[in-house]
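Structure record follows, encoded as structure tokens.
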Amino acid sequence: MSVISSAPIGIFDSGIGGLTVAQAVKRALPDEQIVYFGDTAHLPYGDKSTAAIQAYCIKITQLLLKRSCKLILIACNSASAAGFDLVKEYVGKKAKVLNVIDPVVDYLRELYPGKKVGLIGTKQTVNSKVYEQKVRSLGQGINLHSLATPLLVPMIEEGFVDGEISEKIVEKYLNDPWLENLEAIILGCTHYPLIKQLIQNYYGPDIEVIDSSEIVAKALKAFLGFHNLFNRNSTNVDHFMVSDYTDSFEESTRMFFGETINLELTPLWD
Ligand code: DGL
């Protein structure tokens, strides 16, 4: 079965985090139609077991395939860590599958060989050691120090993206001696771009805070170009689905994509 270039790009996350990636994709590829799925019924993924996240990933993938997506982008580090290989195998030749981890690892290979780099993410992402394995396999002597920072997702979901409380929580995590003397720090969770400024303020301008959303969007553009899959005649509107409808998700989606979005409640299990 061949993949059709005018078909949409499916993007999924546990909730609002993937919207940071979807927005970067839309900026880089304005002619592409996006079908977004936020699995708000099962948020947060970061504290779930690998088996549970894999089950959600497969259900969402089925849904995105039903919408004829040409490519599925797993816009969640926890889901990329737990479910990428499985989703890729499940999808086979029906669509392309990308994750948010590989483009960042490629970025490190280019810019940080032999350097000490930090990573913050959910428990799932950090405990999976997927970043470490991929970075080690580069053989570039990159010294990756990862730390789980589980309070950051609920903090962001509750709208604490600046101010004293958020600063204190961020400081508490980043003060960990394990993260001393870094050359750069990876935001290993798609929620964290929303507090990038807080993190940059903590480190100052000399340490790069690596926001994967831009890097992933660039990689996706290159990938579509390479596979001759650019949508040349897009007239379709983007489509947003959630597994549990909340006003705050609708608000966040409008914040990222404007007032005219079309948000649909789509439970994963009937
Ligand atoms: N967006 C998810 C990630 O990138 C984190 C949110 C969650 O725990 O569900 O890991």
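Ordering of the structure tokens sets the chain letters (A, B, ...); residue numbers start at 1 within each chain; ligands are numbered from 1 in the order shown.
Using only C-alpha atoms and all ligand atoms as the basis for the distance check, residues found within 7 Å of ligand 1 are Asp13, Ser14, Gly15, Gly17, Gly18, Leu43, Pro44, Tyr45, Gly46, Asp47, Ala75, Cys76, Asn77, Ser78, Ala79, Gly121, Thr122, Thr125, Val153, Gly188, Cys189, Thr190 and His191 of chain A.
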- Item | All residues 9 Å or closer to range 200-216 of chain A, only C-alpha atoms, same chain fewer than 3 positions away omitted, as JSON, numbers by chain | {"A": [18, 20, 21, 22, 23, 24, 25, 28, 75, 99, 100, 101, 102, 103, 104, 107, 167, 170, 171, 174, 182, 183, 184, 185, 186, 187, 188, 189, 190, 192, 193, 195, 196, 197, 219, 220, 221]}
- Message: For the structure I just gave you, how does DSSP split range 71-260 of chain A - specifically, which residues are strand (DSSP E or B)? Reply as a ChimeraX atom specification.
- Response: /A:71-74,96-99,116-121,143-148,184-187,208-211,239-242
Serialized selection, N, CA, C and O atoms, as a short mmCIF file (atom, residue, chain, number, x, y, z; two decimals), in the first residue's frame:
```
data_model
loop_
_atom_site.label_atom_id
_atom_site.label_comp_id
_atom_site.auth_asym_id
_atom_site.auth_seq_id
_atom_site.Cartn_x
_atom_site.Cartn_y
_atom_site.Cartn_z
N LEU A 71 1.60 9.96 7.66
CA LEU A 71 2.72 9.88 8.60
C LEU A 71 2.17 10.07 10.01
O LEU A 71 1.26 10.88 10.22
N ILE A 72 2.71 9.31 10.95
CA ILE A 72 2.30 9.47 12.34
C ILE A 72 3.51 9.95 13.12
O ILE A 72 4.57 9.31 13.10
N LEU A 73 3.36 11.10 13.75
CA LEU A 73 4.44 11.65 14.57
C LEU A 73 4.06 11.49 16.04
O LEU A 73 3.05 12.05 16.49
N ILE A 74 4.84 10.72 16.76
CA ILE A 74 4.59 10.53 18.19
C ILE A 74 5.20 11.74 18.90
O ILE A 74 6.40 11.81 19.12
N LYS A 96 4.21 6.34 7.37
CA LYS A 96 5.54 6.53 7.97
C LYS A 96 5.34 6.82 9.45
O LYS A 96 4.29 7.36 9.85
N VAL A 97 6.34 6.53 10.26
CA VAL A 97 6.24 6.82 11.70
C VAL A 97 7.51 7.51 12.16
O VAL A 97 8.62 7.06 11.84
N LEU A 98 7.35 8.62 12.87
CA LEU A 98 8.51 9.33 13.44
C LEU A 98 8.28 9.55 14.93
O LEU A 98 7.14 9.57 15.39
N ASN A 99 9.38 9.76 15.64
CA ASN A 99 9.26 10.08 17.07
C ASN A 99 9.97 11.40 17.35
O ASN A 99 10.58 11.99 16.46
N LYS A 116 29.26 17.33 27.89
CA LYS A 116 28.29 16.88 28.90
C LYS A 116 26.96 17.60 28.66
O LYS A 116 26.91 18.84 28.64
N VAL A 117 25.93 16.82 28.46
CA VAL A 117 24.60 17.38 28.15
C VAL A 117 23.60 16.82 29.17
O VAL A 117 23.65 15.64 29.51
N GLY A 118 22.70 17.66 29.65
CA GLY A 118 21.67 17.22 30.59
C GLY A 118 20.37 16.93 29.87
O GLY A 118 20.17 17.35 28.71
N LEU A 119 19.50 16.19 30.52
CA LEU A 119 18.16 15.94 29.97
C LEU A 119 17.17 15.89 31.13
O LEU A 119 17.45 15.27 32.15
N ILE A 120 16.07 16.59 30.98
CA ILE A 120 14.99 16.45 31.97
C ILE A 120 13.77 15.91 31.25
O ILE A 120 13.52 16.22 30.08
N GLY A 121 13.02 15.04 31.94
CA GLY A 121 11.85 14.43 31.32
C GLY A 121 11.00 13.74 32.36
O GLY A 121 11.25 13.85 33.57
N ASN A 143 28.33 12.79 27.02
CA ASN A 143 28.09 12.36 28.39
C ASN A 143 26.71 12.89 28.80
O ASN A 143 26.56 14.06 29.13
N LEU A 144 25.69 12.00 28.72
CA LEU A 144 24.31 12.45 28.95
C LEU A 144 23.89 12.19 30.40
O LEU A 144 23.97 11.05 30.87
N HIS A 145 23.45 13.23 31.07
CA HIS A 145 22.97 13.10 32.46
C HIS A 145 21.47 13.42 32.51
O HIS A 145 21.06 14.55 32.28
N SER A 146 20.66 12.39 32.78
CA SER A 146 19.20 12.56 32.75
C SER A 146 18.61 12.61 34.15
O SER A 146 19.05 11.87 35.03
N LEU A 147 17.60 13.43 34.30
CA LEU A 147 16.92 13.53 35.59
C LEU A 147 15.41 13.59 35.37
O LEU A 147 14.92 14.38 34.55
N ALA A 148 14.68 12.74 36.12
CA ALA A 148 13.22 12.80 36.04
C ALA A 148 12.73 14.00 36.84
O ALA A 148 13.17 14.25 37.96
N ALA A 184 24.68 21.95 27.60
CA ALA A 184 23.33 22.14 27.06
C ALA A 184 22.37 21.26 27.87
O ALA A 184 22.81 20.31 28.52
N ILE A 185 21.10 21.60 27.81
CA ILE A 185 20.11 20.74 28.47
C ILE A 185 18.94 20.49 27.51
O ILE A 185 18.44 21.42 26.86
N ILE A 186 18.54 19.22 27.41
CA ILE A 186 17.45 18.85 26.51
C ILE A 186 16.13 18.91 27.27
O ILE A 186 16.01 18.34 28.36
N LEU A 187 15.15 19.56 26.67
CA LEU A 187 13.79 19.51 27.22
C LEU A 187 13.19 18.20 26.70
O LEU A 187 12.62 18.16 25.61
N GLU A 208 22.79 26.08 26.14
CA GLU A 208 21.65 25.96 25.23
C GLU A 208 20.54 25.11 25.86
O GLU A 208 20.80 24.01 26.36
N VAL A 209 19.34 25.64 25.83
CA VAL A 209 18.17 24.86 26.26
C VAL A 209 17.57 24.30 24.97
O VAL A 209 17.05 25.04 24.14
N ILE A 210 17.69 22.99 24.80
CA ILE A 210 17.31 22.38 23.52
C ILE A 210 15.82 22.04 23.51
O ILE A 210 15.35 21.16 24.24
N ASP A 211 15.10 22.78 22.68
CA ASP A 211 13.65 22.62 22.55
C ASP A 211 13.41 21.72 21.34
O ASP A 211 13.67 22.10 20.21
N HIS A 239 -7.49 19.14 12.18
CA HIS A 239 -8.53 18.51 12.99
C HIS A 239 -7.94 18.10 14.34
O HIS A 239 -6.85 17.52 14.37
N PHE A 240 -8.65 18.38 15.40
CA PHE A 240 -8.13 18.08 16.74
C PHE A 240 -9.10 17.16 17.47
O PHE A 240 -10.29 17.44 17.52
N MET A 241 -8.54 16.10 18.05
CA MET A 241 -9.38 15.17 18.81
C MET A 241 -8.81 15.01 20.22
O MET A 241 -7.59 15.07 20.41
N VAL A 242 -9.70 14.76 21.17
CA VAL A 242 -9.27 14.46 22.54
C VAL A 242 -10.07 13.26 23.04
O VAL A 242 -11.23 13.08 22.67
#
```
- Which of range 107-172 of chain A DSSP labels helix (DSSP H, G or I), written as a PyMOL selection string: chain A and resi 107-111+123-128+130-138+152-157+164-172
Next, dump the selected residues to file, keeping only N, CA and C atoms, as a short mmCIF file (atom, residue, chain, number, x, y, z; two decimals), in the first residue's frame.
```
data_model
loop_
_atom_site.label_atom_id
_atom_site.label_comp_id
_atom_site.auth_asym_id
_atom_site.auth_seq_id
_atom_site.Cartn_x
_atom_site.Cartn_y
_atom_site.Cartn_z
N TYR A 107 20.79 15.89 16.48
CA TYR A 107 21.24 17.26 16.78
C TYR A 107 22.46 17.22 17.72
N LEU A 108 22.40 16.34 18.72
CA LEU A 108 23.55 16.21 19.65
C LEU A 108 24.78 15.72 18.91
N ARG A 109 24.57 14.79 17.99
CA ARG A 109 25.72 14.25 17.23
C ARG A 109 26.42 15.38 16.47
N GLU A 110 25.61 16.30 15.92
CA GLU A 110 26.20 17.40 15.16
C GLU A 110 26.90 18.41 16.05
N LEU A 111 26.26 18.76 17.17
CA LEU A 111 26.74 19.93 17.92
C LEU A 111 27.44 19.64 19.24
N LYS A 123 9.29 10.36 34.33
CA LYS A 123 9.90 9.13 34.87
C LYS A 123 10.00 8.09 33.76
N GLN A 124 8.95 7.98 32.94
CA GLN A 124 8.93 6.98 31.87
C GLN A 124 10.11 7.20 30.93
N THR A 125 10.27 8.43 30.48
CA THR A 125 11.34 8.74 29.51
C THR A 125 12.71 8.49 30.13
N VAL A 126 12.91 9.01 31.34
CA VAL A 126 14.23 8.89 31.97
C VAL A 126 14.54 7.44 32.33
N ASN A 127 13.57 6.74 32.93
CA ASN A 127 13.83 5.36 33.34
C ASN A 127 14.01 4.42 32.14
N SER A 128 13.43 4.77 31.01
CA SER A 128 13.57 3.91 29.83
C SER A 128 15.01 3.88 29.31
N VAL A 130 16.19 5.39 26.94
CA VAL A 130 16.24 5.38 25.47
C VAL A 130 17.22 6.42 24.94
N TYR A 131 17.18 7.62 25.51
CA TYR A 131 18.13 8.66 25.05
C TYR A 131 19.58 8.17 25.25
N GLU A 132 19.87 7.61 26.45
CA GLU A 132 21.24 7.15 26.74
C GLU A 132 21.68 6.11 25.71
N GLN A 133 20.76 5.15 25.43
CA GLN A 133 21.13 4.08 24.49
C GLN A 133 21.44 4.66 23.11
N LYS A 134 20.58 5.57 22.67
CA LYS A 134 20.77 6.13 21.31
C LYS A 134 22.03 6.99 21.26
N VAL A 135 22.26 7.77 22.34
CA VAL A 135 23.44 8.63 22.36
C VAL A 135 24.71 7.77 22.42
N ARG A 136 24.68 6.71 23.23
CA ARG A 136 25.86 5.83 23.33
C ARG A 136 26.16 5.20 21.98
N SER A 137 25.08 4.82 21.26
CA SER A 137 25.33 4.14 19.98
C SER A 137 25.93 5.08 18.92
N LEU A 138 25.90 6.38 19.18
CA LEU A 138 26.56 7.32 18.26
C LEU A 138 28.08 7.18 18.34
N LEU A 152 6.87 18.77 36.89
CA LEU A 152 6.75 19.85 35.90
C LEU A 152 5.50 19.73 35.02
N VAL A 153 5.10 18.49 34.68
CA VAL A 153 3.92 18.37 33.81
C VAL A 153 2.65 18.86 34.52
N PRO A 154 2.34 18.36 35.75
CA PRO A 154 1.15 18.90 36.41
C PRO A 154 1.23 20.41 36.64
N MET A 155 2.43 20.88 36.92
CA MET A 155 2.61 22.33 37.13
C MET A 155 2.21 23.10 35.85
N ILE A 156 2.69 22.61 34.71
CA ILE A 156 2.38 23.27 33.43
C ILE A 156 0.89 23.11 33.09
N GLU A 157 0.37 21.89 33.30
CA GLU A 157 -1.06 21.65 33.00
C GLU A 157 -1.95 22.58 33.82
N GLU A 164 6.81 32.85 40.85
CA GLU A 164 7.70 32.39 41.92
C GLU A 164 7.63 30.88 42.18
N ILE A 165 6.41 30.33 42.19
CA ILE A 165 6.26 28.91 42.51
C ILE A 165 6.97 28.06 41.45
N SER A 166 6.71 28.39 40.20
CA SER A 166 7.33 27.62 39.10
C SER A 166 8.85 27.78 39.15
N GLU A 167 9.32 28.98 39.43
CA GLU A 167 10.77 29.21 39.49
C GLU A 167 11.41 28.33 40.56
N LYS A 168 10.74 28.26 41.71
CA LYS A 168 11.28 27.47 42.83
C LYS A 168 11.34 25.98 42.49
N ILE A 169 10.29 25.48 41.84
CA ILE A 169 10.26 24.05 41.49
C ILE A 169 11.37 23.75 40.47
N VAL A 170 11.46 24.62 39.46
CA VAL A 170 12.48 24.42 38.43
C VAL A 170 13.88 24.46 39.06
N GLU A 171 14.09 25.43 39.94
CA GLU A 171 15.39 25.60 40.59
C GLU A 171 15.74 24.35 41.43
N LYS A 172 14.75 23.86 42.15
CA LYS A 172 14.97 22.68 43.00
C LYS A 172 15.49 21.50 42.16
#
```
- Task: Find the residues near range 60-66 of chain A: any atom within 10 Å, counting only C-alpha atoms, skip ones fewer than 3 places away on the same chain, and give them as an NGL selection string.
- Result: :A and (8-13 or 35-39 or 54-57 or 69-74 or 87-88 or 90-91 or 94-95 or 97 or 243 or 266-268)
